[in-house]
Structure formats: C-alpha cells, structure tokens
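Visitor: Okay, so here is final_19.txt, and as you'll see once you scroll down, it has compact mmCIF, C-alpha atoms.
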```
# COMPACT_ATOMS: atom_id res chain seq x y z
CA MET H 1 14.43 17.78 0.85
CA THR H 2 10.67 17.50 0.33
CA ALA H 3 8.72 16.54 3.44
CA PRO H 4 6.67 13.32 3.26
CA VAL H 5 2.95 13.65 2.67
CA LEU H 6 2.24 10.86 5.14
CA SER H 7 4.22 9.78 8.20
CA LEU H 8 3.23 6.86 10.39
CA ASN H 9 5.25 6.61 13.59
CA ALA H 10 4.95 3.44 15.73
CA VAL H 11 1.26 3.13 14.87
CA ASP H 12 -0.59 0.41 16.75
CA LYS H 13 -4.18 -0.73 16.50
CA THR H 14 -5.84 -3.08 18.98
CA PHE H 15 -9.48 -4.12 18.79
CA GLY H 16 -11.12 -5.17 22.07
CA SER H 17 -9.34 -5.75 25.34
CA GLY H 18 -8.12 -8.48 27.64
CA ALA H 19 -7.87 -12.05 26.40
CA LYS H 20 -10.05 -11.31 23.39
CA ALA H 21 -7.98 -8.34 22.17
CA VAL H 22 -6.86 -8.45 18.55
CA HIS H 23 -3.59 -6.66 17.78
CA ALA H 24 -4.32 -5.70 14.17
CA VAL H 25 -1.37 -3.36 13.49
CA ARG H 26 1.95 -3.42 15.35
CA ALA H 27 4.42 -0.53 15.66
CA LEU H 28 4.06 0.51 12.02
CA ASP H 29 6.55 3.06 10.69
CA MET H 30 6.12 4.38 7.15
CA GLU H 31 6.65 7.54 5.12
CA VAL H 32 5.02 8.29 1.78
CA GLU H 33 6.58 10.89 -0.49
CA PRO H 34 4.70 13.52 -2.56
CA GLY H 35 3.31 12.09 -5.79
CA GLU H 36 4.04 8.53 -4.73
CA ILE H 37 1.63 5.63 -5.19
CA VAL H 38 1.96 3.08 -2.40
CA ALA H 39 0.22 -0.28 -2.12
CA LEU H 40 -0.53 -1.99 1.19
CA LEU H 41 -0.37 -5.65 0.20
CA GLY H 42 -1.17 -8.74 2.22
CA SER H 43 -3.60 -11.52 2.89
CA SER H 44 -6.94 -11.07 4.64
CA GLY H 45 -6.50 -9.95 8.26
CA CYS H 46 -2.91 -8.70 7.83
CA GLY H 47 -3.76 -5.15 8.99
CA LYS H 48 -3.75 -3.27 5.69
CA THR H 49 -7.36 -2.03 5.79
CA SER H 50 -7.06 -1.11 9.49
CA THR H 51 -4.00 0.96 8.57
CA LEU H 52 -5.86 2.74 5.78
CA ARG H 53 -8.85 3.47 8.02
CA MET H 54 -6.58 4.91 10.73
CA ILE H 55 -5.03 7.23 8.14
CA ALA H 56 -8.50 8.30 7.02
CA GLY H 57 -9.75 8.74 10.58
CA PHE H 58 -12.43 6.04 10.54
CA GLU H 59 -10.52 4.03 13.16
CA GLU H 60 -8.82 5.48 16.22
CA VAL H 61 -5.08 4.95 16.64
CA THR H 62 -4.35 2.88 19.74
CA ALA H 63 -0.77 4.17 19.94
CA GLY H 64 1.63 6.15 17.77
CA SER H 65 1.00 9.09 15.48
CA VAL H 66 -0.35 9.78 11.99
CA LYS H 67 0.88 12.93 10.24
CA ILE H 68 -0.48 14.26 6.96
CA ALA H 69 1.47 17.11 5.34
CA GLY H 70 3.46 17.51 8.56
CA ARG H 71 0.38 17.89 10.79
CA GLU H 72 -0.57 15.26 13.36
CA VAL H 73 -4.14 14.22 12.61
CA ASN H 74 -4.81 11.58 15.28
CA GLN H 75 -7.58 13.62 16.88
CA LEU H 76 -9.02 15.15 13.70
CA ALA H 77 -12.29 13.99 12.18
CA PRO H 78 -12.06 12.42 8.70
CA ALA H 79 -13.52 15.52 7.06
CA LYS H 80 -10.71 17.64 8.53
CA ARG H 81 -7.83 15.51 7.21
CA ASN H 82 -8.02 16.50 3.51
CA VAL H 83 -8.13 12.90 2.29
CA ALA H 84 -10.28 11.39 -0.45
CA MET H 85 -11.29 7.77 0.05
CA ALA H 86 -12.77 5.10 -2.18
CA PHE H 87 -14.39 2.55 0.11
CA GLU H 88 -14.40 -1.18 -0.50
CA GLY H 89 -18.11 -1.10 0.37
CA TYR H 90 -18.75 1.82 -2.04
CA SER H 91 -20.76 3.97 0.48
CA LEU H 92 -22.63 5.87 -2.23
CA TYR H 93 -25.52 8.18 -1.31
CA PRO H 94 -28.74 6.34 -2.37
CA PRO H 95 -30.85 9.48 -3.09
CA LEU H 96 -28.21 10.90 -5.46
CA THR H 97 -27.50 9.90 -9.03
CA VAL H 98 -24.08 8.57 -10.00
CA ALA H 99 -23.13 12.00 -11.37
CA GLN H 100 -24.25 13.70 -8.17
CA ASN H 101 -22.32 11.18 -6.05
CA ILE H 102 -19.12 11.76 -8.02
CA GLY H 103 -19.45 15.55 -7.93
CA PHE H 104 -20.69 15.81 -4.33
CA ALA H 105 -17.40 17.08 -2.86
CA LEU H 106 -17.02 19.68 -5.62
CA LYS H 107 -20.47 21.05 -4.94
CA SER H 108 -19.53 21.69 -1.30
CA GLN H 109 -16.52 23.68 -2.59
CA ARG H 110 -18.97 26.00 -4.36
CA LEU H 111 -17.49 25.40 -7.79
CA ALA H 112 -19.47 26.55 -10.81
CA ARG H 113 -21.95 24.01 -12.15
CA ALA H 114 -20.24 23.96 -15.55
CA GLU H 115 -16.86 23.12 -13.93
CA ILE H 116 -18.43 20.35 -11.84
CA ASP H 117 -20.11 18.88 -14.91
CA ARG H 118 -16.85 19.02 -16.86
CA ARG H 119 -14.86 17.23 -14.17
CA VAL H 120 -17.57 14.62 -13.60
CA ALA H 121 -17.62 13.90 -17.34
CA GLU H 122 -13.83 13.56 -17.36
CA ILE H 123 -13.88 11.05 -14.50
CA ALA H 124 -16.79 9.14 -16.02
CA GLU H 125 -14.90 8.78 -19.30
CA LEU H 126 -11.79 7.62 -17.43
CA LEU H 127 -13.78 4.90 -15.63
CA GLU H 128 -16.13 4.09 -18.54
CA ILE H 129 -19.35 4.91 -16.67
CA GLU H 130 -20.68 7.74 -18.90
CA SER H 131 -23.84 5.76 -19.65
CA ILE H 132 -24.92 5.46 -16.00
CA LEU H 133 -24.38 9.03 -14.76
CA GLY H 134 -28.13 9.67 -14.54
CA ARG H 135 -28.92 6.44 -12.69
CA TYR H 136 -29.15 5.78 -8.94
CA PRO H 137 -26.86 3.41 -7.00
CA SER H 138 -29.62 0.84 -6.40
CA SER H 139 -30.10 0.39 -10.16
CA ILE H 140 -26.49 -0.36 -11.14
CA SER H 141 -24.19 -3.37 -10.69
CA GLY H 142 -21.60 -3.84 -7.97
CA GLY H 143 -18.79 -3.16 -10.44
CA GLN H 144 -20.45 0.06 -11.57
CA GLN H 145 -20.97 1.14 -7.96
CA GLN H 146 -17.30 0.47 -7.30
CA ARG H 147 -16.26 2.67 -10.23
CA ALA H 148 -18.61 5.42 -9.05
CA SER H 149 -17.06 5.28 -5.57
CA LEU H 150 -13.59 5.40 -7.13
CA GLY H 151 -14.61 8.37 -9.27
CA ARG H 152 -15.91 10.24 -6.23
CA ALA H 153 -12.43 9.93 -4.67
CA LEU H 154 -10.38 10.65 -7.79
CA ILE H 155 -12.26 13.85 -8.64
CA ARG H 156 -11.04 15.57 -5.48
CA ASP H 157 -7.83 17.59 -5.08
CA ALA H 158 -6.82 16.09 -1.74
CA ALA H 159 -3.56 15.68 0.15
CA LEU H 160 -4.03 11.91 0.02
CA HIS H 161 -6.13 9.57 -2.07
CA LEU H 162 -6.96 6.36 -0.19
CA LEU H 163 -8.21 3.47 -2.31
CA ASP H 164 -9.53 0.37 -0.53
CA GLU H 165 -9.64 -2.62 -2.94
CA PRO H 166 -10.79 -0.19 -5.65
CA MET H 167 -11.15 -2.70 -8.50
CA GLY H 168 -11.99 -5.97 -6.78
CA GLN H 169 -15.44 -6.25 -8.40
CA LEU H 170 -14.35 -5.59 -11.98
CA GLU H 171 -13.90 -8.17 -14.71
CA PRO H 172 -10.24 -8.86 -15.60
CA GLN H 173 -10.18 -7.06 -18.96
CA LEU H 174 -11.67 -3.84 -17.55
CA ARG H 175 -9.45 -4.04 -14.48
CA THR H 176 -6.35 -4.24 -16.67
CA LEU H 177 -7.47 -1.25 -18.73
CA LEU H 178 -8.31 0.90 -15.70
CA ARG H 179 -5.04 0.18 -13.89
CA GLY H 180 -3.09 1.95 -16.59
CA ARG H 181 -5.55 4.82 -16.86
CA ILE H 182 -5.73 5.41 -13.11
CA LYS H 183 -1.96 5.35 -12.66
CA HIS H 184 -1.55 7.88 -15.48
CA PHE H 185 -4.32 10.06 -13.98
CA LEU H 186 -2.67 10.08 -10.55
CA LYS H 187 0.82 10.71 -11.90
CA GLU H 188 -0.28 13.43 -14.30
CA ARG H 189 -1.81 15.39 -11.43
CA GLY H 190 0.93 14.65 -8.90
CA PHE H 191 -1.54 13.00 -6.54
CA THR H 192 -0.27 10.94 -3.61
CA ALA H 193 -2.21 7.71 -3.23
CA ILE H 194 -2.33 4.67 -0.96
CA LEU H 195 -3.93 1.52 -2.30
CA VAL H 196 -5.07 -1.49 -0.27
CA THR H 197 -5.09 -4.74 -2.20
CA HIS H 198 -4.53 -8.47 -1.85
CA ASP H 199 -3.78 -8.69 -5.60
CA GLN H 200 -0.05 -8.74 -6.40
CA THR H 201 -0.68 -7.90 -10.05
CA GLU H 202 -2.64 -4.80 -9.08
CA ALA H 203 0.04 -3.71 -6.60
CA ASN H 204 2.83 -4.23 -9.13
CA ALA H 205 0.95 -2.41 -11.89
CA LEU H 206 0.01 0.66 -9.86
CA ALA H 207 2.49 1.17 -7.04
CA ASP H 208 5.89 2.84 -6.90
CA ARG H 209 6.48 1.04 -3.61
CA ILE H 210 4.69 -1.85 -1.94
CA ALA H 211 4.32 -2.37 1.81
CA VAL H 212 4.03 -6.11 2.47
CA MET H 213 2.15 -6.80 5.71
CA GLU H 214 1.50 -9.95 7.71
CA GLU H 215 -0.13 -10.30 11.14
CA GLY H 216 -0.08 -6.54 11.59
CA VAL H 217 3.67 -6.26 10.99
CA LEU H 218 5.32 -4.45 8.08
CA GLN H 219 7.56 -7.10 6.52
CA GLN H 220 9.17 -4.95 3.81
CA PHE H 221 8.51 -1.61 2.10
CA ALA H 222 10.21 -1.34 -1.28
CA PRO H 223 9.70 -1.06 -5.05
CA PRO H 224 8.20 -4.16 -6.72
CA ALA H 225 11.48 -5.28 -8.31
CA VAL H 226 13.31 -5.12 -4.97
CA LEU H 227 10.64 -7.21 -3.24
CA LYS H 228 11.07 -9.93 -5.84
CA GLU H 229 14.84 -9.83 -6.28
CA ARG H 230 15.91 -8.97 -2.71
CA PRO H 231 13.17 -10.01 -0.25
CA ALA H 232 13.99 -9.02 3.32
CA ASN H 233 12.80 -12.30 4.77
CA LEU H 234 11.38 -15.70 3.97
CA PHE H 235 7.77 -14.51 4.27
CA THR H 236 8.21 -11.79 1.65
CA GLY H 237 10.23 -14.14 -0.56
CA THR H 238 7.45 -16.72 -0.65
CA PHE H 239 4.54 -14.26 -0.66
CA ILE H 240 5.76 -12.17 -3.60
CA GLY H 241 5.87 -13.84 -6.99
CA GLU H 242 3.62 -16.10 -9.01
CA PRO H 243 4.13 -19.03 -8.84
CA PRO H 244 5.67 -18.67 -5.36
CA MET H 245 9.37 -19.09 -4.66
CA ASN H 246 10.53 -22.70 -4.18
CA VAL H 247 12.05 -23.20 -0.73
CA PHE H 248 13.99 -26.11 0.76
CA PRO H 249 15.76 -26.60 4.09
CA ILE H 250 19.40 -27.30 3.31
CA LYS H 251 22.64 -28.48 4.83
CA VAL H 252 25.73 -26.52 3.83
CA GLY H 253 29.23 -27.97 3.67
CA THR H 254 32.51 -27.56 1.84
CA GLU H 255 34.58 -29.80 -0.41
CA GLY H 256 37.93 -28.27 -1.22
CA GLU H 257 37.18 -24.92 -2.88
CA ALA H 258 33.49 -25.72 -3.37
CA ILE H 259 30.41 -24.97 -1.29
CA VAL H 260 28.05 -27.94 -1.17
CA LEU H 261 24.31 -27.52 -0.71
CA SER H 262 22.45 -30.70 0.27
CA LEU H 263 18.69 -30.56 -0.15
CA SER H 264 18.30 -34.31 0.49
CA ASP H 265 20.36 -37.48 0.30
CA ASP H 266 20.11 -37.60 -3.49
CA VAL H 267 19.96 -33.88 -4.33
CA THR H 268 23.23 -31.98 -3.93
CA PHE H 269 24.60 -28.89 -5.68
CA ARG H 270 28.23 -27.74 -5.73
CA TYR H 271 29.35 -24.18 -6.43
CA PRO H 272 32.83 -22.64 -6.52
CA GLN H 273 33.36 -20.44 -3.48
CA GLU H 274 34.02 -17.50 -5.77
CA SER H 275 30.35 -17.69 -6.78
CA PHE H 276 29.59 -16.00 -3.47
CA ALA H 277 30.95 -12.86 -1.85
CA ALA H 278 33.33 -13.49 1.04
CA PRO H 279 30.82 -12.48 3.75
CA VAL H 280 28.26 -14.87 2.24
CA CYS H 281 30.77 -17.73 2.25
CA ALA H 282 31.52 -17.01 5.88
CA SER H 283 27.83 -17.07 6.75
CA LEU H 284 27.09 -20.25 4.81
CA THR H 285 29.95 -22.15 6.38
CA SER H 286 28.91 -21.18 9.92
CA GLU H 287 26.83 -23.40 12.18
CA ARG H 288 23.56 -21.72 11.22
CA ALA H 289 20.69 -23.57 9.56
CA PHE H 290 19.46 -22.20 6.24
CA VAL H 291 16.53 -22.31 3.86
CA LEU H 292 17.29 -22.13 0.14
CA GLY H 293 14.95 -20.18 -2.16
CA VAL H 294 14.77 -20.40 -5.96
CA ARG H 295 12.20 -18.64 -8.15
CA PRO H 296 10.31 -20.98 -10.54
CA GLN H 297 11.48 -18.90 -13.52
CA ALA H 298 15.12 -19.57 -12.51
CA VAL H 299 14.90 -23.38 -12.50
CA LYS H 300 16.86 -24.79 -15.47
CA ARG H 301 15.98 -28.16 -16.99
CA GLY H 302 18.59 -30.11 -18.98
CA SER H 303 20.51 -33.34 -19.44
CA GLU H 304 22.50 -32.84 -16.24
CA GLY H 305 21.62 -31.81 -12.72
CA ALA H 306 19.66 -33.15 -9.76
CA PRO H 307 16.89 -35.68 -10.41
CA GLY H 308 13.19 -35.08 -10.02
CA ARG H 309 9.98 -36.74 -11.22
CA VAL H 310 7.19 -34.86 -13.00
CA ALA H 311 3.96 -34.67 -10.99
CA ALA H 312 2.08 -32.28 -13.31
CA ASN H 313 2.67 -30.41 -16.56
CA GLN H 314 0.35 -27.45 -17.17
CA TRP H 315 0.31 -25.32 -20.32
CA LEU H 316 -1.30 -21.94 -19.49
CA GLY H 317 -1.42 -20.50 -22.99
CA ASP H 318 1.78 -18.47 -22.74
CA GLN H 319 3.93 -20.53 -20.39
CA THR H 320 4.30 -24.01 -18.93
CA HIS H 321 4.24 -24.73 -15.21
CA ILE H 322 6.00 -27.99 -14.35
CA VAL H 323 5.41 -29.48 -10.91
CA THR H 324 8.13 -31.92 -9.88
CA ASP H 325 8.60 -34.24 -6.92
CA PHE H 326 12.04 -33.12 -5.86
CA ALA H 327 14.30 -33.47 -2.81
CA GLY H 328 11.48 -34.82 -0.68
CA GLY H 329 9.26 -31.85 -1.55
CA THR H 330 7.77 -30.06 -4.53
CA LEU H 331 9.60 -27.96 -7.11
CA ILE H 332 7.72 -25.67 -9.51
CA SER H 333 9.43 -24.44 -12.67
CA VAL H 334 8.23 -22.12 -15.42
CA GLU H 335 9.12 -22.40 -19.11
CA HIS H 336 7.96 -20.15 -21.95
CA ASP H 337 7.43 -22.97 -24.47
CA ARG H 338 5.31 -26.09 -24.29
CA ALA H 339 7.12 -28.95 -22.53
CA ALA H 340 6.63 -32.51 -23.86
CA LEU H 341 6.67 -34.15 -20.44
CA THR H 342 4.42 -36.83 -18.97
CA LYS H 343 3.55 -37.54 -15.36
CA GLY H 344 6.16 -39.77 -13.75
CA GLU H 345 8.90 -38.86 -16.22
CA GLU H 346 12.32 -38.18 -14.70
CA ILE H 347 13.92 -34.81 -15.38
CA ARG H 348 17.11 -33.12 -14.20
CA VAL H 349 17.35 -29.55 -13.01
CA THR H 350 20.05 -27.07 -12.06
CA PHE H 351 20.12 -23.74 -10.24
CA GLU H 352 22.58 -20.99 -11.10
CA ALA H 353 24.41 -19.44 -8.14
CA GLN H 354 23.18 -15.99 -9.19
CA ASP H 355 19.57 -17.16 -8.74
CA LEU H 356 19.93 -18.47 -5.19
CA HIS H 357 18.38 -16.86 -2.11
CA PHE H 358 19.45 -17.92 1.38
CA PHE H 359 17.39 -17.31 4.52
CA ASP H 360 18.10 -17.98 8.17
CA ALA H 361 16.06 -21.03 9.14
CA GLY H 362 15.44 -19.61 12.61
CA ASP H 363 14.05 -16.12 12.15
CA GLY H 364 13.56 -16.17 8.37
CA SER H 365 15.78 -13.16 7.75
CA ALA H 366 17.50 -12.93 4.37
CA VAL H 367 21.20 -13.82 4.33
CA SER H 368 22.08 -13.59 0.63
CA HIS H 369 20.62 -12.88 -2.80
CA GLY H 370 22.50 -13.85 -5.96
CA GLY H 371 25.73 -14.43 -4.08
CA GLU H 372 25.76 -11.00 -2.45
CA PRO H 373 24.89 -10.18 1.18
CA ALA H 374 21.22 -9.32 1.75
```
Is it possible to give me this structure as structure tokens?
Guide:
Amino acid sequence: MTAPVLSLNAVDKTFGSGAKAVHAVRALDMEVEPGEIVALLGSSGCGKTSTLRMIAGFEEVTAGSVKIAGREVNQLAPAKRNVAMAFEGYSLYPPLTVAQNIGFALKSQRLARAEIDRRVAEIAELLEIESILGRYPSSISGGQQQRASLGRALIRDAALHLLDEPMGQLEPQLRTLLRGRIKHFLKERGFTAILVTHDQTEANALADRIAVMEEGVLQQFAPPAVLKERPANLFTGTFIGEPPMNVFPIKVGTEGEAIVLSLSDDVTFRYPQESFAAPVCASLTSERAFVLGVRPQAVKRGSEGAPGRVAANQWLGDQTHIVTDFAGGTLISVEHDRAALTKGEEIRVTFEAQDLHFFDAGDGSAVSHGGEPA
C-alpha cells in the first residue's frame, strides 16, 4: 500500500496564552494520498489557513506531528520541507519581473536557461499571463499578481503543492476556465495538492476529497458527493450545498405500520415503516429528539402534500428558487423551469423518504440518510 504524502496526527494550534488564547486548530488527524487534490473548506476563522501554514512551516505546531513523505517536519524550516506554496497575499519579489518570479525556484536548481524559459512559458500559457511576463509586480493587477504567485508554485516539482485561496481575485469566467486547466495540470503530473478555499464551487471542481472545518475541528473528510449525500453531522449537512439544506425540528411517532413525522401542528408526513431500514426505524421510534433535513432540489411541489405559502419566487436564469413559509419556518425549493407563482399563494409540497436526512437534535450527529443508517 502506498504511503500517504501528508500525515497530520493530533495537530493543534493555539495563538496566544491564558484567557486570550485562541485555539485555532484542534486535534486534527488527516492523511493525503499521492496524487490527491484535497480542499480545506470552511468559513473565515475555521482553521483552514492555519492548518496550511503549519504544513508549510510558516506557523509552529502547538501539539501533534506533521509528516511529509513519511518524515516528521515539525522542526524543519519551510525551505527544507519540499513544498511549493501559492500565498493568498501573493508574496512576489518586487525587483523581479513576473517571468523571473515564476522561474525563481528553477534558477536555484541550476537548470539551463532554455529549460527555465520553456517551463515559464508553459505556466504562463496555462494561466493566461503571457503578456505580462516582462512586467514587475507593482505594475500589474491583483488578479494578475495572484496568477503569477500561483504559477511560481505550480512550476515546481515538489512533494506538496499548497494553494491558499489561489483564485479569489479572479473574475468568474476566468476562474471557471482555470479550475479545469489547473486540475488537469496537477493530475497529469501526479502532483499532490492541498487547496484552502471558502468557495464550495471551487472545492467541488478541484478536489478529490474535501475537509470541512469549523471552529478548528475537522467535521468530515470525504469526496464531494459523499459530503452532500451522506453528511456526517448537521453542520456539514447545512454548510454543504447551494441553496443550503432545509432543516426542521420534528416529533416522530407511529400510526399502525406508518412512521409519522410532525414538523408543526399542520404539517405532518406519513411513511410506511418499510421505507426505512430496521435500525433506522428503531432509532426514530426511540425517545431521542431529531432534526429533519431535506435538500431544496428534493422538495416536490404538487396538488397534494403539506401546505405552505410562497414568500418569494426567484428565477435565476437556469432554475427557480421558491421560498415558502412552511411549518413555522422557511422552506427553499429548487425547480429547473420557471414557476408561475405569486407571493402569498398557497402551495403543497411532499418529501420522498429516500430524500430524508435525520440528525440527532442534541449533538447534531447524522442518524440516517435516504432510509439507511448514517
């Protein structure tokens, strides 16, 4: 079995001390396989950039160990770790041209000038910055500086490529184009990369696996489809997906051979017990409190079902988002066609058993997805 390129074992990071200490990363365990692209995804302050900087060596590890290619690197300087990093703040060398910045690491390897020029040209074409190779960082835009910083990392043959918000300054059309190109570039060369981003679309487009983080804790580490279809907890379920998952506290009961889900006094759903695996039925009929989750794309509108009243109807060019006052809260549904609905109009909705997610109301842990145990 191939050894992981990166191993994080119980990694902690605390800034400051005493009452003002900030625990940025908590007991993080993670392994990244050779040739894998991993995204660290989360909101601002979740610990993803601190994690990346500890891997690179720009932040000290408070506790735990970081291993790259089987070697513990906690005490090694960044230059000794064989990592290539694209910084969120660019960190280009002002006296050097864009071409010289990109090729700087190759020059220190004593490669022939012709080989350096060839590889710089290749990277410049990939990132569409051929026209600015002779210019200096102070004379180019933030987006161009970001691409130059990214190029300086991608040109290296390193054990790990670390990319900190590498496309945050780019316009949407260029960002979409470069995502595909960069993923192909990394995969073609077998590079192992870790990407920090707060953008779900970017994480989904680039990463083989995504590490969802919140308050310094790794919530789930899995492929994009698993995060969406089988979230490990309520946080991941509501964080992943656009629009977010609908969630409602529910009461669960039984009527004969049916399981009854009560979202409010006037919103109740009944499902045959065979819709759920036996362990799920046992869990649902226990004394625990649950939260029900339904993705907006899974909400079905029709002539039957539970009542709701339209609060907003938004056509986004390729899909409709319908916001409904429902069960004492808000329900968002997505339809692919235009919906002829007006504010205040009553609609009826249903949820299929296969689209239901149940979470423990206490600790948020997943209980069931699609009728099967989590």
Visitor: Could you state the separation of atom CA of H:Met30 and atom CA of H:Ala203 in Å, given to one decimal place?
Guide: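 Rounded to one decimal, the two atoms are 17.1 Å apart.
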Visitor: Counting all atoms listed in the file, which residues sit no farther than 9 Å from the position (14.4, -27.6, -8.3) in the file's frame? I'd like them as a list in words.
Guide: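 Here the neighbourhood of the point contains Asn246, Val294, Pro296, Val299, Lys300, Arg301, Ala306, Pro307, Gly308, Thr324, Asp325, Phe326, Ala327, Thr330, Leu331, Ile332, Ser333, Arg348, Val349, Thr350 and Phe351 of chain H.
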Visitor: Excluding H:Glu60 and its own-chain neighbours fewer than 4 positions away, which residues fall within 12 Å of it when counting only C-alpha atoms? Please give them as a list in words.
Guide: Val11, Asp12, Lys13, Thr14, Phe15, Val25, Ser50, Thr51, Leu52, Arg53, Met54, Ile55, Ala56, Gly64, Ser65, Val66, Val73, Asn74, Gln75, Leu76, Ala77 and Pro78 of chain H
Visitor: So how many Å separate atom CA of H:Gln354 and atom CA of H:Gly371, to one decimal?
Guide: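 Between atom CA of H:Gln354 and atom CA of H:Gly371 the gap works out to 5.9 Å.
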Visitor: When you look at stretch 264-271 of chain H with a cut-off of 10 Å (counting only C-alpha atoms), what residues show up, excluding the ones that are within fewer than 2 positions of it in the same chain? I need them as a ChimeraX atom specification.
Guide: /H:248-255,257-262,273-276,305-308,326-329,350-353
Visitor: Enter the distance from atom CA of H:Ala207 to atom CA of H:Asn82, in Å, rounded to one decimal.
Guide: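 So the two atoms, atom CA of H:Ala207 and atom CA of H:Asn82, lie 21.4 Å apart.
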Visitor: Using all atoms listed in the file, find the one residue out of H:Ser17, H:Gln173, H:Thr49, H:Asn233 that sits nearest to H:Ile194.
Guide: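 Smallest separation from H:Ile194 among the options: H:Thr49.
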Visitor: Looking at only C-alpha atoms, which of H:Ala112, H:Leu292, H:Leu41, H:Ala21 is the one that sits closest to H:Thr197?
Guide: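 Closest candidate: H:Leu41.
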Visitor: Check the smallest atom-to-atom distance from each of H:Ala10, H:Ala361, H:Val310, H:Gln169 to H:Glu287 using all atoms listed in the file, then report the winner.
Guide: H:Ala361
Visitor: Can you pull out the residues contacting H:Pro373? Cut-off 9 Å, using all atoms listed in the file, and skip same-chain residues under 5 positions away; I want them as a ChimeraX atom specification.
Guide: /H:276-277,279-280,366-368
Visitor: Which of these, H:Ala99, H:Pro223, H:Asp355, H:Phe191, has the shortest distance to H:Ser131 once you count all atoms listed in the file?
Guide: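 Smallest separation from H:Ser131 among the options: H:Ala99.
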Visitor: Measuring atom to atom with all atoms listed in the file, identify which of H:Leu126, H:Ala282, H:Ala312, H:His198 is nearest to H:Ala339.
Guide: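 Looking at the shortest contact to H:Ala339, the residue is H:Ala312.
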Visitor: Could you check the closest approach to H:His336 for each of H:Val38, H:Glu229, H:Phe359, H:Gln297 and tell me which residue wins, using all atoms listed in the file?
Guide: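 Closest to H:His336 of all the choices is H:Gln297.
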Visitor: Residues at most 12 Å from H:Phe185, counting only C-alpha atoms, excluding those fewer than 3 positions away in the same chain, as a count of residues only?
Guide: 22
Visitor: Within 12 Å of H:Pro243, counting only C-alpha atoms, which residues qualify if same-chain residues fewer than 4 places away don't, as a list in words?
Guide: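 Listing them by chain and then by number gives Gln200, Lys228, Gly237, Thr238, Phe239, Val294, Arg295, Pro296, Gln297, Ala298, Gln319, Thr320, His321, Ile322, Val323, Leu331, Ile332, Ser333, Val334 and Glu335 of chain H.
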Visitor: Just write the chosen residues, C-alpha atoms, as an mmCIF file, in the frame of the given file.
Guide:
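Output contents, as saved in again_8.cif:
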```cif
data_model
loop_
_atom_site.group_PDB
_atom_site.id
_atom_site.type_symbol
_atom_site.label_atom_id
_atom_site.label_comp_id
_atom_site.auth_asym_id
_atom_site.auth_seq_id
_atom_site.Cartn_x
_atom_site.Cartn_y
_atom_site.Cartn_z
ATOM 1 C CA GLN H 200 -0.050 -8.740 -6.400
ATOM 2 C CA LYS H 228 11.070 -9.930 -5.840
ATOM 3 C CA GLY H 237 10.230 -14.140 -0.560
ATOM 4 C CA THR H 238 7.450 -16.720 -0.650
ATOM 5 C CA PHE H 239 4.540 -14.260 -0.660
ATOM 6 C CA VAL H 294 14.770 -20.400 -5.960
ATOM 7 C CA ARG H 295 12.200 -18.640 -8.150
ATOM 8 C CA PRO H 296 10.310 -20.980 -10.540
ATOM 9 C CA GLN H 297 11.480 -18.900 -13.520
ATOM 10 C CA ALA H 298 15.120 -19.570 -12.510
ATOM 11 C CA GLN H 319 3.930 -20.530 -20.390
ATOM 12 C CA THR H 320 4.300 -24.010 -18.930
ATOM 13 C CA HIS H 321 4.240 -24.730 -15.210
ATOM 14 C CA ILE H 322 6.000 -27.990 -14.350
ATOM 15 C CA VAL H 323 5.410 -29.480 -10.910
ATOM 16 C CA LEU H 331 9.600 -27.960 -7.110
ATOM 17 C CA ILE H 332 7.720 -25.670 -9.510
ATOM 18 C CA SER H 333 9.430 -24.440 -12.670
ATOM 19 C CA VAL H 334 8.230 -22.120 -15.420
ATOM 20 C CA GLU H 335 9.120 -22.400 -19.110
#
```
Visitor: List every protein, DNA or RNA residue that has at least one atom no more than 6 Å from (-2.5, -5.4, 13.3) in the file's coordinates, counting only C-alpha atoms, and write the result as a list in words.
Guide: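 Residues with an atom close enough to that point: Lys13, His23, Ala24, Val25, Arg26, Gly47, Glu215 and Gly216 of chain H.
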Visitor: Residues of stretch 53-113 of chain H that approach stretch 133-143 of chain H to 8 Å or less, counting only C-alpha atoms: could you list each one with the shortest pair of atoms and its distance in Å to one decimal, rows by chain and increasing residue number, as CSV?
Guide:
```
residue,atom,partner,partner_atom,distance
H:Leu92,CA,H:Pro137,CA,6.8
H:Tyr93,CA,H:Pro137,CA,7.5
H:Pro94,CA,H:Pro137,CA,5.8
H:Pro95,CA,H:Tyr136,CA,7.1
H:Leu96,CA,H:Tyr136,CA,6.3
H:Thr97,CA,H:Tyr136,CA,4.4
H:Val98,CA,H:Leu133,CA,4.8
H:Ala99,CA,H:Leu133,CA,4.7
```
Visitor: Using 4 Å of padding on each side, determine the axis-aligned box around all atoms of stretch 321-332 of chain H present in the file and give its centre and edge lengths in Å to one decimal, as AutoDock Vina command-line options.
Guide:
```
--center_x 9.3 --center_y -29.8 --center_z -7.9 --size_x 18.1 --size_y 18.1 --size_z 22.5
```
